[in-house]
$ cat structure_37.csv   # CSV, C-alpha atoms and all ligand atoms
chain,number,residue,atom,x,y,z
A,1,MET,CA,166.8,-8.2,206.4
A,2,ASP,CA,167.6,-11.3,208.4
A,3,LEU,CA,168.0,-10.2,212.1
A,4,ASN,CA,169.7,-13.6,212.7
A,5,LEU,CA,167.5,-14.3,215.7
A,6,GLU,CA,166.5,-17.8,214.7
A,7,GLY,CA,167.1,-20.1,217.7
A,8,LYS,CA,168.5,-17.3,219.9
A,9,LYS,CA,167.8,-17.7,223.7
A,10,VAL,CA,166.1,-14.5,225.1
A,11,VAL,CA,165.0,-13.5,228.5
A,12,VAL,CA,162.4,-10.7,228.6
A,13,THR,CA,161.1,-9.5,232.0
A,14,GLY,CA,157.5,-8.4,232.3
A,15,GLY,CA,156.2,-10.0,229.1
A,16,SER,CA,152.6,-10.5,229.9
A,17,ARG,CA,151.3,-7.2,228.5
A,18,GLY,CA,152.2,-3.8,227.0
A,19,LEU,CA,155.7,-3.2,225.6
A,20,GLY,CA,157.1,-6.4,227.1
A,21,ARG,CA,154.5,-8.5,225.4
A,22,ALA,CA,155.0,-6.8,222.0
A,23,ILE,CA,158.8,-7.4,222.4
A,24,VAL,CA,158.2,-11.2,223.0
A,25,ASP,CA,155.8,-11.2,220.0
A,26,GLN,CA,158.6,-9.9,217.8
A,27,PHE,CA,161.2,-12.3,219.1
A,28,VAL,CA,158.7,-15.2,218.6
A,29,ALA,CA,158.1,-14.0,215.0
A,30,GLU,CA,161.8,-14.0,214.4
A,31,GLY,CA,162.2,-17.6,215.6
A,32,ALA,CA,163.8,-16.9,218.9
A,33,GLU,CA,163.1,-19.0,222.1
A,34,VAL,CA,161.9,-16.8,225.0
A,35,SER,CA,161.6,-17.0,228.8
A,36,THR,CA,159.5,-14.3,230.4
A,37,CYS,CA,158.0,-13.5,233.8
A,38,ALA,CA,155.2,-11.4,235.4
A,39,ARG,CA,153.5,-11.3,238.8
A,40,GLY,CA,150.0,-12.1,237.6
A,41,GLU,CA,149.4,-15.7,236.6
A,42,THR,CA,146.2,-15.0,234.6
A,43,GLY,CA,147.8,-12.5,232.2
A,44,LEU,CA,150.9,-14.6,231.8
A,45,SER,CA,148.9,-17.8,231.0
A,46,GLU,CA,146.8,-16.0,228.4
A,47,ALA,CA,150.0,-14.6,226.7
A,48,LEU,CA,151.7,-18.0,226.8
A,49,ARG,CA,148.7,-19.6,225.1
A,50,ALA,CA,148.8,-17.0,222.3
A,51,TRP,CA,152.6,-17.4,221.7
A,52,ARG,CA,152.5,-21.1,221.8
A,53,GLY,CA,149.4,-21.1,219.5
A,54,ALA,CA,151.5,-19.1,217.0
A,55,GLY,CA,154.2,-21.8,217.1
A,56,GLY,CA,156.5,-20.0,219.5
A,57,THR,CA,158.7,-21.7,222.2
A,58,VAL,CA,158.1,-19.5,225.2
A,59,HIS,CA,158.6,-20.3,228.9
A,60,GLY,CA,156.9,-18.3,231.6
A,61,ALA,CA,156.9,-18.0,235.4
A,62,ALA,CA,154.8,-15.9,237.8
A,63,LEU,CA,157.1,-14.1,240.2
A,64,ASP,CA,158.0,-10.6,241.5
A,65,VAL,CA,161.4,-9.3,240.3
A,66,ARG,CA,161.7,-7.5,243.7
A,67,ASP,CA,162.0,-11.0,245.3
A,68,SER,CA,165.8,-11.4,244.8
A,69,ALA,CA,166.0,-15.1,245.5
A,70,ALA,CA,163.0,-16.0,243.3
A,71,PHE,CA,164.1,-13.7,240.5
A,72,ARG,CA,167.7,-15.0,240.5
A,73,ALA,CA,166.6,-18.6,240.6
A,74,TRP,CA,164.2,-17.9,237.7
A,75,ILE,CA,167.0,-16.5,235.5
A,76,ASP,CA,169.2,-19.6,236.1
A,77,GLN,CA,166.1,-21.8,235.4
A,78,ALA,CA,165.5,-19.8,232.1
A,79,ALA,CA,169.1,-20.6,231.1
A,80,ALA,CA,168.6,-24.3,232.0
A,81,ASP,CA,165.3,-24.5,230.1
A,82,MET,CA,166.7,-22.8,226.9
A,83,GLY,CA,170.2,-24.1,227.1
A,84,GLY,CA,171.7,-20.6,227.7
A,85,ILE,CA,170.9,-16.9,227.4
A,86,ASP,CA,172.0,-14.8,224.4
A,87,ILE,CA,169.9,-11.7,225.0
A,88,LEU,CA,168.5,-10.0,228.1
A,89,VAL,CA,165.7,-7.5,227.8
A,90,SER,CA,165.1,-5.9,231.2
A,91,ASN,CA,161.7,-4.3,230.8
A,92,VAL,CA,159.8,-4.3,234.1
A,93,SER,CA,158.7,-1.1,235.8
A,94,THR,CA,155.9,-0.3,238.1
A,95,ARG,CA,154.9,3.3,238.5
A,96,LEU,CA,154.5,3.8,242.3
A,97,GLN,CA,152.5,6.5,243.9
A,98,GLY,CA,153.9,8.2,247.0
A,99,SER,CA,156.1,11.0,248.4
A,100,ASP,CA,157.9,9.6,251.4
A,101,GLU,CA,161.2,7.7,252.1
A,102,ALA,CA,159.5,4.3,251.7
A,103,TRP,CA,158.3,5.4,248.2
A,104,TRP,CA,161.9,6.3,247.2
A,105,ARG,CA,163.2,3.0,248.5
A,106,GLU,CA,160.4,1.1,246.6
A,107,SER,CA,161.1,3.1,243.5
A,108,PHE,CA,164.8,2.2,243.7
A,109,GLU,CA,164.0,-1.4,244.2
A,110,THR,CA,161.5,-1.5,241.3
A,111,ASP,CA,163.0,0.8,238.7
A,112,PHE,CA,166.7,0.3,239.3
A,113,LEU,CA,167.9,-2.4,241.6
A,114,GLN,CA,166.1,-5.3,239.9
A,115,HIS,CA,167.7,-4.4,236.6
A,116,ALA,CA,171.1,-4.6,238.2
A,117,ARG,CA,170.1,-7.9,239.8
A,118,ALA,CA,169.0,-9.3,236.4
A,119,VAL,CA,172.3,-8.4,234.8
A,120,GLU,CA,174.4,-9.8,237.7
A,121,GLN,CA,172.5,-13.1,237.5
A,122,ALA,CA,172.4,-13.3,233.7
A,123,LEU,CA,176.0,-12.3,233.1
A,124,PRO,CA,177.7,-15.8,233.4
A,125,HIS,CA,175.1,-17.1,230.9
A,126,LEU,CA,175.6,-14.1,228.5
A,127,LYS,CA,179.3,-14.5,228.6
A,128,SER,CA,179.0,-17.8,226.9
A,129,GLY,CA,176.1,-16.7,224.7
A,130,ARG,CA,176.1,-16.2,220.9
A,131,SER,CA,176.2,-12.5,219.9
A,132,PRO,CA,175.2,-11.5,223.4
A,133,SER,CA,173.4,-8.3,224.2
A,134,ILE,CA,171.5,-6.5,226.9
A,135,ILE,CA,168.6,-4.0,226.4
A,136,PHE,CA,167.1,-1.9,229.1
A,137,ILE,CA,163.7,-0.2,228.7
A,138,SER,CA,164.1,3.3,230.2
A,139,SER,CA,161.9,6.2,229.3
A,140,ILE,CA,162.1,9.8,228.1
A,141,ALA,CA,161.1,10.6,231.7
A,142,SER,CA,164.9,10.2,232.3
A,143,VAL,CA,165.5,13.6,230.6
A,144,LEU,CA,162.3,15.5,231.2
A,145,THR,CA,162.1,18.0,234.1
A,146,ASN,CA,158.4,18.8,233.9
A,147,LEU,CA,157.2,15.4,235.1
A,148,PRO,CA,154.1,15.2,237.4
A,149,PRO,CA,155.1,14.9,241.1
A,150,ASP,CA,154.3,11.1,241.3
A,151,GLU,CA,156.9,10.5,238.5
A,152,LEU,CA,159.7,12.2,240.3
A,153,ALA,CA,161.3,9.0,241.5
A,154,TYR,CA,160.5,7.2,238.2
A,155,GLY,CA,162.4,9.8,236.2
A,156,VAL,CA,165.4,9.7,238.5
A,157,MET,CA,165.6,5.9,238.4
A,158,LYS,CA,165.2,5.8,234.6
A,159,ALA,CA,168.0,8.3,234.3
A,160,GLY,CA,170.2,6.1,236.6
A,161,LEU,CA,169.4,3.2,234.3
A,162,VAL,CA,170.8,5.1,231.3
A,163,ASN,CA,174.1,5.8,233.1
A,164,TYR,CA,174.3,2.2,234.3
A,165,ALA,CA,173.8,0.9,230.8
A,166,GLY,CA,176.6,3.3,229.5
A,167,GLN,CA,179.0,2.0,232.2
A,168,LEU,CA,178.1,-1.6,231.5
A,169,SER,CA,178.6,-1.1,227.8
A,170,ALA,CA,182.2,0.0,228.5
A,171,ARG,CA,182.9,-2.8,230.9
A,172,LEU,CA,181.2,-5.7,229.0
A,173,SER,CA,182.4,-4.8,225.5
A,174,ARG,CA,185.6,-6.7,226.2
A,175,ASP,CA,183.4,-9.9,226.7
A,176,GLY,CA,181.7,-9.1,223.4
A,177,ILE,CA,178.4,-8.1,225.2
A,178,ARG,CA,176.7,-5.1,223.7
A,179,THR,CA,174.5,-3.0,226.1
A,180,ASN,CA,171.9,-0.5,224.8
A,181,VAL,CA,168.8,1.4,226.0
A,182,ILE,CA,165.4,2.1,224.5
A,183,SER,CA,163.7,5.2,225.8
A,184,PRO,CA,160.0,5.2,224.8
A,185,GLY,CA,157.8,8.3,224.8
A,186,PRO,CA,154.1,8.1,225.5
A,187,ILE,CA,152.9,4.7,224.3
A,188,HIS,CA,149.2,3.9,224.2
A,189,PHE,CA,147.7,0.4,224.4
A,190,GLU,CA,144.5,-1.0,225.9
A,191,GLY,CA,144.8,-1.5,229.6
A,192,GLY,CA,148.1,0.5,229.8
A,193,THR,CA,149.0,3.7,231.7
A,194,TRP,CA,148.0,6.0,228.8
A,195,ASP,CA,144.7,4.1,228.3
A,196,ALA,CA,143.8,4.8,232.0
A,197,ILE,CA,144.8,8.5,231.5
A,198,ARG,CA,142.7,8.7,228.3
A,199,ARG,CA,139.6,7.6,230.3
A,200,ALA,CA,140.3,9.6,233.5
A,201,ASN,CA,141.9,12.8,232.0
A,202,PRO,CA,141.3,13.1,228.2
A,203,LYS,CA,142.9,16.6,228.2
A,204,LEU,CA,146.2,15.3,229.6
A,205,PHE,CA,146.0,12.4,227.0
A,206,GLU,CA,145.5,14.9,224.2
A,207,ALA,CA,148.3,17.2,225.5
A,208,ALA,CA,150.7,14.2,225.5
A,209,ALA,CA,149.7,13.4,221.9
A,210,ARG,CA,150.7,16.9,220.9
A,211,LEU,CA,154.2,16.6,222.5
A,212,PRO,CA,155.8,14.3,219.9
A,213,GLN,CA,156.7,15.9,216.6
A,214,LEU,CA,154.6,13.1,215.0
A,215,GLY,CA,151.6,14.3,216.9
A,216,ARG,CA,150.4,11.1,218.4
A,217,HIS,CA,151.1,8.4,221.0
A,218,GLY,CA,153.2,5.5,219.9
A,219,THR,CA,152.3,1.8,219.9
A,220,PRO,CA,154.0,-1.1,221.7
A,221,GLU,CA,154.9,-2.6,218.3
A,222,GLU,CA,156.8,0.5,217.2
A,223,VAL,CA,158.9,0.2,220.4
A,224,ALA,CA,159.3,-3.6,220.1
A,225,LYS,CA,160.6,-3.6,216.5
A,226,SER,CA,163.4,-1.2,217.4
A,227,ALA,CA,164.2,-3.0,220.7
A,228,VAL,CA,164.4,-6.4,218.9
A,229,PHE,CA,166.6,-4.9,216.1
A,230,LEU,CA,168.9,-3.3,218.6
A,231,ALA,CA,169.2,-6.6,220.5
A,232,SER,CA,169.8,-8.6,217.4
A,233,PRO,CA,173.1,-9.5,215.7
A,234,ALA,CA,172.0,-7.2,212.9
A,235,SER,CA,173.1,-4.3,215.3
A,236,SER,CA,176.5,-5.9,215.9
A,237,TYR,CA,178.5,-2.6,215.9
A,238,THR,CA,176.1,-0.7,218.2
A,239,THR,CA,176.7,-0.5,221.9
A,240,GLY,CA,176.2,2.2,224.6
A,241,VAL,CA,173.3,3.8,222.6
A,242,ASN,CA,170.2,5.3,224.2
A,243,LEU,CA,167.6,5.1,221.4
A,244,ARG,CA,164.6,7.3,221.9
A,245,ILE,CA,161.4,5.9,220.4
A,246,ASP,CA,159.3,8.9,221.2
A,247,GLY,CA,158.0,10.4,217.9
A,248,GLY,CA,160.3,13.3,218.4
A,249,ALA,CA,158.9,14.3,221.8
A,250,VAL,CA,162.3,15.2,223.3
A,251,ARG,CA,163.2,18.2,221.1
A,252,THR,CA,166.9,18.2,221.3
A,253,ALA,CA,169.5,17.4,218.7
A,254,ASN,CA,170.7,13.9,219.7
A,255,PHE,CA,174.5,14.2,219.5
B,301,LIG,N1,153.7,2.8,228.4
B,301,LIG,C1,154.4,3.9,228.2
B,301,LIG,O1,153.9,4.9,227.8
B,301,LIG,C2,155.9,3.9,228.5
B,301,LIG,C3,156.6,5.0,228.2
B,301,LIG,C4,158.0,5.1,228.5
B,301,LIG,C5,158.6,4.0,229.1
B,301,LIG,N2,157.9,2.8,229.4
B,301,LIG,C6,158.6,1.7,230.0
B,301,LIG,O2,158.3,0.5,229.2
B,301,LIG,C7,158.4,-0.6,230.1
B,301,LIG,C8,157.0,-1.4,230.0
B,301,LIG,O3,156.0,-0.5,230.3
B,301,LIG,P1,154.5,-0.9,230.0
B,301,LIG,O4,153.7,0.4,229.9
B,301,LIG,O5,154.4,-1.9,229.0
B,301,LIG,O6,154.1,-1.5,231.5
B,301,LIG,P2,152.9,-2.4,232.0
B,301,LIG,O7,151.8,-2.3,231.1
B,301,LIG,O8,152.7,-2.0,233.4
B,301,LIG,O9,153.5,-3.9,231.9
B,301,LIG,C9,154.6,-4.2,232.8
B,301,LIG,C10,154.8,-5.7,232.7
B,301,LIG,O10,155.8,-6.0,233.7
B,301,LIG,C11,155.1,-6.9,234.7
B,301,LIG,N3,155.5,-6.5,236.0
B,301,LIG,C12,155.3,-5.3,236.6
B,301,LIG,N4,155.8,-5.3,237.8
B,301,LIG,C13,156.4,-6.5,238.0
B,301,LIG,C14,157.2,-7.1,239.1
B,301,LIG,N5,157.4,-6.4,240.2
B,301,LIG,N6,157.7,-8.3,238.9
B,301,LIG,C15,157.5,-9.0,237.8
B,301,LIG,N7,156.8,-8.5,236.7
B,301,LIG,C16,156.3,-7.3,236.8
B,301,LIG,C17,153.6,-6.7,234.4
B,301,LIG,O11,152.9,-7.9,234.8
B,301,LIG,P3,152.2,-8.0,236.3
B,301,LIG,O12,151.6,-6.7,236.6
B,301,LIG,O13,151.3,-9.1,236.2
B,301,LIG,O14,153.4,-8.3,237.2
B,301,LIG,C18,153.6,-6.6,232.9
B,301,LIG,O15,153.8,-7.8,232.2
B,301,LIG,C19,158.6,0.0,231.5
B,301,LIG,O16,160.0,-0.1,231.8
B,301,LIG,C20,158.2,1.4,231.4
B,301,LIG,O17,158.8,2.3,232.3
B,301,LIG,C21,156.6,2.8,229.1
$ encode --input "structure_37.csv" --output "structure tokens"
Amino acid sequence: MDLNLEGKKVVVTGGSRGLGRAIVDQFVAEGAEVSTCARGETGLSEALRAWRGAGGTVHGAALDVRDSAAFRAWIDQAAADMGGIDILVSNVSTRLQGSDEAWWRESFETDFLQHARAVEQALPHLKSGRSPSIIFISSIASVLTNLPPDELAYGVMKAGLVNYAGQLSARLSRDGIRTNVISPGPIHFEGGTWDAIRRANPKLFEAAARLPQLGRHGTPEEVAKSAVFLASPASSYTTGVNLRIDGGAVRTANF
């Protein structure tokens, strides 16, 4: 199936590793042009070398999405570099440890506000994009109530993101912009959250592997393929969807 992504202009936040990197990999393989960002210059440079070595046209900048001025300027720069924005994949999250008011504020900033900031800044570009769409990367933490204490704020913000996406879908459909969410379950990759848990707490890692009906952690590629399909013109009649890529971990009928 042709996803019709050849030459599409795509912004992916947090593309230097993990799910974001796998999403950029898939867009590059489909012939899209990508702009991505991350805080760490070393990881970003290594990823840019790999994509460009594979023939991809990928732009990258080191910045923190919590820095409103820098983040907004970068989105406009991405549009200038690529000649527009057709697709926004808002992927960044940073699990923060804490329990006080400062932690709630930081969590709001990192796991909610910067997504709204990205949309606000990208919107004028998306409105003149071709088959425009927005994808948010949430989490099944948005619906689970048995999360560990340090994921309390994370789950709340991810739930807010799903509602935000639904409301955006209703508002932006009249401009032809589709808005969808991907909610991954436990995803294992070298250097990721579940890799750290595997080494520090193998019992918790194994318990998480038993949670999905498929009996294992997922891979970044399994999330990325669904995210890129949902973002693409091949999904032209799909908006307002929250697609769980969790191996069946959330055991509810998904009406
Ligand atoms: N891994 C899982 O099991 C899982 C499960 C459910 C949902 N998710 C969701 O999937 C998304 C990606 O998760 P992941 O596991 O791939 O995360 P990750 O390994 O921590 O990668 C996050 C990416 O975002 C960048 N980043 C983090 N904070 C940033 C900031 N403040 N400004 C700019 N860039 C920033 C990171 O680079 P720098 O650190 O260099 O900035 C990196 O490129 C997140 O939304 C997460 O909540 C993941």
$ closest_atom_pairs --input "structure_37.csv" --of "chain A" --to "ligand LIG 301 (chain B)" --cutoff "8 Å" --atoms "all atoms listed in the file" --output "JSON lines"
{"residue": "A:Thr13", "atom": "CA", "partner": "B:LIG301", "partner_atom": "N7", "distance": 6.4}
{"residue": "A:Gly14", "atom": "CA", "partner": "B:LIG301", "partner_atom": "O10", "distance": 3.3}
{"residue": "A:Gly15", "atom": "CA", "partner": "B:LIG301", "partner_atom": "O15", "distance": 4.5}
{"residue": "A:Ser16", "atom": "CA", "partner": "B:LIG301", "partner_atom": "O15", "distance": 3.7}
{"residue": "A:Arg17", "atom": "CA", "partner": "B:LIG301", "partner_atom": "O15", "distance": 4.5}
{"residue": "A:Gly18", "atom": "CA", "partner": "B:LIG301", "partner_atom": "O5", "distance": 3.5}
{"residue": "A:Leu19", "atom": "CA", "partner": "B:LIG301", "partner_atom": "O5", "distance": 3.9}
{"residue": "A:Gly20", "atom": "CA", "partner": "B:LIG301", "partner_atom": "O5", "distance": 5.6}
{"residue": "A:Arg21", "atom": "CA", "partner": "B:LIG301", "partner_atom": "O15", "distance": 6.9}
{"residue": "A:Cys37", "atom": "CA", "partner": "B:LIG301", "partner_atom": "N7", "distance": 5.9}
{"residue": "A:Ala38", "atom": "CA", "partner": "B:LIG301", "partner_atom": "N7", "distance": 3.6}
{"residue": "A:Arg39", "atom": "CA", "partner": "B:LIG301", "partner_atom": "O14", "distance": 3.4}
{"residue": "A:Gly40", "atom": "CA", "partner": "B:LIG301", "partner_atom": "O13", "distance": 3.6}
{"residue": "A:Glu41", "atom": "CA", "partner": "B:LIG301", "partner_atom": "O13", "distance": 6.9}
{"residue": "A:Thr42", "atom": "CA", "partner": "B:LIG301", "partner_atom": "O13", "distance": 8.0}
{"residue": "A:Gly43", "atom": "CA", "partner": "B:LIG301", "partner_atom": "O13", "distance": 6.3}
{"residue": "A:Leu44", "atom": "CA", "partner": "B:LIG301", "partner_atom": "O13", "distance": 7.1}
{"residue": "A:Ala62", "atom": "CA", "partner": "B:LIG301", "partner_atom": "C15", "distance": 7.4}
{"residue": "A:Leu63", "atom": "CA", "partner": "B:LIG301", "partner_atom": "C15", "distance": 5.7}
{"residue": "A:Asp64", "atom": "CA", "partner": "B:LIG301", "partner_atom": "N6", "distance": 3.5}
{"residue": "A:Val65", "atom": "CA", "partner": "B:LIG301", "partner_atom": "N6", "distance": 4.1}
{"residue": "A:Arg66", "atom": "CA", "partner": "B:LIG301", "partner_atom": "N5", "distance": 5.7}
{"residue": "A:Ser90", "atom": "CA", "partner": "B:LIG301", "partner_atom": "O16", "distance": 7.7}
{"residue": "A:Asn91", "atom": "CA", "partner": "B:LIG301", "partner_atom": "O16", "distance": 4.6}
{"residue": "A:Val92", "atom": "CA", "partner": "B:LIG301", "partner_atom": "O10", "distance": 4.4}
{"residue": "A:Ser93", "atom": "CA", "partner": "B:LIG301", "partner_atom": "O16", "distance": 4.3}
{"residue": "A:Thr94", "atom": "CA", "partner": "B:LIG301", "partner_atom": "N4", "distance": 5.0}
{"residue": "A:Arg95", "atom": "CA", "partner": "B:LIG301", "partner_atom": "O17", "distance": 7.4}
{"residue": "A:Thr110", "atom": "CA", "partner": "B:LIG301", "partner_atom": "N5", "distance": 6.5}
{"residue": "A:Asp111", "atom": "CA", "partner": "B:LIG301", "partner_atom": "O16", "distance": 7.6}
{"residue": "A:Phe136", "atom": "CA", "partner": "B:LIG301", "partner_atom": "O16", "distance": 7.8}
{"residue": "A:Ile137", "atom": "CA", "partner": "B:LIG301", "partner_atom": "O16", "distance": 4.8}
{"residue": "A:Ser138", "atom": "CA", "partner": "B:LIG301", "partner_atom": "O16", "distance": 5.6}
{"residue": "A:Ser139", "atom": "CA", "partner": "B:LIG301", "partner_atom": "C5", "distance": 4.0}
{"residue": "A:Ile140", "atom": "CA", "partner": "B:LIG301", "partner_atom": "C4", "distance": 6.2}
{"residue": "A:Ala141", "atom": "CA", "partner": "B:LIG301", "partner_atom": "C4", "distance": 7.1}
{"residue": "A:Tyr154", "atom": "CA", "partner": "B:LIG301", "partner_atom": "O17", "distance": 7.9}
{"residue": "A:Lys158", "atom": "CA", "partner": "B:LIG301", "partner_atom": "O17", "distance": 7.6}
{"residue": "A:Ser183", "atom": "CA", "partner": "B:LIG301", "partner_atom": "C5", "distance": 6.2}
{"residue": "A:Pro184", "atom": "CA", "partner": "B:LIG301", "partner_atom": "C4", "distance": 4.2}
{"residue": "A:Gly185", "atom": "CA", "partner": "B:LIG301", "partner_atom": "C3", "distance": 4.9}
{"residue": "A:Pro186", "atom": "CA", "partner": "B:LIG301", "partner_atom": "O1", "distance": 3.9}
{"residue": "A:Ile187", "atom": "CA", "partner": "B:LIG301", "partner_atom": "O1", "distance": 3.6}
{"residue": "A:His188", "atom": "CA", "partner": "B:LIG301", "partner_atom": "O1", "distance": 6.0}
{"residue": "A:Phe189", "atom": "CA", "partner": "B:LIG301", "partner_atom": "N1", "distance": 7.6}
{"residue": "A:Gly191", "atom": "CA", "partner": "B:LIG301", "partner_atom": "O7", "distance": 7.2}
{"residue": "A:Gly192", "atom": "CA", "partner": "B:LIG301", "partner_atom": "O7", "distance": 4.8}
{"residue": "A:Thr193", "atom": "CA", "partner": "B:LIG301", "partner_atom": "N1", "distance": 5.8}
{"residue": "A:Trp194", "atom": "CA", "partner": "B:LIG301", "partner_atom": "O1", "distance": 6.1}
{"residue": "A:Gly218", "atom": "CA", "partner": "B:LIG301", "partner_atom": "O1", "distance": 8.0}
{"residue": "A:Pro220", "atom": "CA", "partner": "B:LIG301", "partner_atom": "O5", "distance": 7.4}
$ residues_around --input "structure_37.csv" --residues "segment 225-241 of chain A" --least-positions-apart "5" --cutoff "6 Å" --atoms "all atoms listed in the file" --output "PyMOL selection string"
chain A and resi 3+133+166+169+178-180
$ residues_near_point --input "structure_37.csv" --point "(166.0, -19.7, 234.7)" --cutoff "10 Å" --atoms "only C-alpha atoms" --output "ChimeraX atom specification"
/A:11,35-36,59-61,70-85,121-122
$ atom_distance --input "structure_37.csv" --atom1 "atom CA of Ile23 of chain A" --atom2 "atom CA of Gln97 of chain A"
26.4 Å
$ closest_residue --input "structure_37.csv" --among "A:Gly55, A:Val181, A:Ser107, A:Val89" --to "Val12 of chain A" --atoms "only C-alpha atoms"
A:Val89
$ closest_residue --input "structure_37.csv" --among "A:Ser173, A:Asn163, A:Ser99, A:Gln114" --to "Glu151 of chain A" --atoms "all atoms listed in the file"
A:Ser99
$ atom_distance --input "structure_37.csv" --atom1 "atom CA of Glu33 of chain A" --atom2 "atom CA of Asn4 of chain A"
12.7 Å
$ residues_around --input "structure_37.csv" --residues "Phe27 of chain A" --least-positions-apart "2" --cutoff "9 Å" --atoms "all atoms listed in the file" --output "list in words"
Leu5, Glu6, Lys8, Val10, Ala22, Ile23, Val24, Asp25, Ala29, Glu30, Gly31, Ala32, Glu33, Val34, Ala224 and Val228 of chain A
$ atom_distance --input "structure_37.csv" --atom1 "atom CA of Val58 of chain A" --atom2 "atom CA of Glu222 of chain A"
21.6 Å
$ closest_residue --input "structure_37.csv" --among "A:Ile197, A:Val162, A:Ala69, A:Ala249" --to "Arg216 of chain A" --atoms "only C-alpha atoms"
A:Ala249
$ build_atoms --input "structure_37.csv" --residues "segment 159-173 of chain A" --atoms "N, CA, C and O atoms" --output "short mmCIF file (atom, residue, chain, number, x, y, z; two decimals), keeping the file's coordinate frame"
data_model
loop_
_atom_site.label_atom_id
_atom_site.label_comp_id
_atom_site.auth_asym_id
_atom_site.auth_seq_id
_atom_site.Cartn_x
_atom_site.Cartn_y
_atom_site.Cartn_z
N ALA A 159 166.76 7.67 234.71
CA ALA A 159 168.00 8.30 234.30
C ALA A 159 169.20 7.52 234.83
O ALA A 159 170.20 7.34 234.11
N GLY A 160 169.11 6.99 236.04
CA GLY A 160 170.20 6.10 236.60
C GLY A 160 170.40 4.92 235.70
O GLY A 160 171.54 4.49 235.49
N LEU A 161 169.31 4.41 235.17
CA LEU A 161 169.40 3.20 234.30
C LEU A 161 170.21 3.51 233.04
O LEU A 161 170.99 2.68 232.59
N VAL A 162 170.04 4.70 232.50
CA VAL A 162 170.80 5.10 231.30
C VAL A 162 172.27 5.14 231.57
O VAL A 162 173.10 4.63 230.81
N ASN A 163 172.63 5.75 232.70
CA ASN A 163 174.10 5.80 233.10
C ASN A 163 174.61 4.43 233.34
O ASN A 163 175.73 4.09 232.90
N TYR A 164 173.84 3.62 234.05
CA TYR A 164 174.30 2.20 234.30
C TYR A 164 174.55 1.49 233.04
O TYR A 164 175.58 0.81 232.91
N ALA A 165 173.65 1.64 232.07
CA ALA A 165 173.80 0.90 230.80
C ALA A 165 175.09 1.42 230.09
O ALA A 165 175.83 0.61 229.51
N GLY A 166 175.36 2.72 230.14
CA GLY A 166 176.60 3.30 229.50
C GLY A 166 177.82 2.67 230.14
O GLY A 166 178.77 2.26 229.44
N GLN A 167 177.83 2.60 231.47
CA GLN A 167 179.00 2.00 232.20
C GLN A 167 179.14 0.54 231.88
O GLN A 167 180.25 0.03 231.70
N LEU A 168 178.00 -0.15 231.83
CA LEU A 168 178.10 -1.60 231.50
C LEU A 168 178.61 -1.80 230.11
O LEU A 168 179.41 -2.71 229.87
N SER A 169 178.18 -0.94 229.18
CA SER A 169 178.60 -1.10 227.80
C SER A 169 180.17 -1.02 227.77
O SER A 169 180.82 -1.84 227.10
N ALA A 170 180.75 -0.07 228.50
CA ALA A 170 182.20 0.00 228.50
C ALA A 170 182.86 -1.19 229.16
O ALA A 170 183.88 -1.68 228.69
N ARG A 171 182.26 -1.68 230.23
CA ARG A 171 182.90 -2.80 230.90
C ARG A 171 182.69 -4.14 230.19
O ARG A 171 183.57 -4.99 230.20
N LEU A 172 181.52 -4.33 229.57
CA LEU A 172 181.20 -5.70 229.00
C LEU A 172 181.61 -5.83 227.56
O LEU A 172 181.59 -6.95 227.04
N SER A 173 181.99 -4.74 226.90
CA SER A 173 182.40 -4.80 225.50
C SER A 173 183.53 -5.81 225.31
O SER A 173 183.62 -6.53 224.32
#
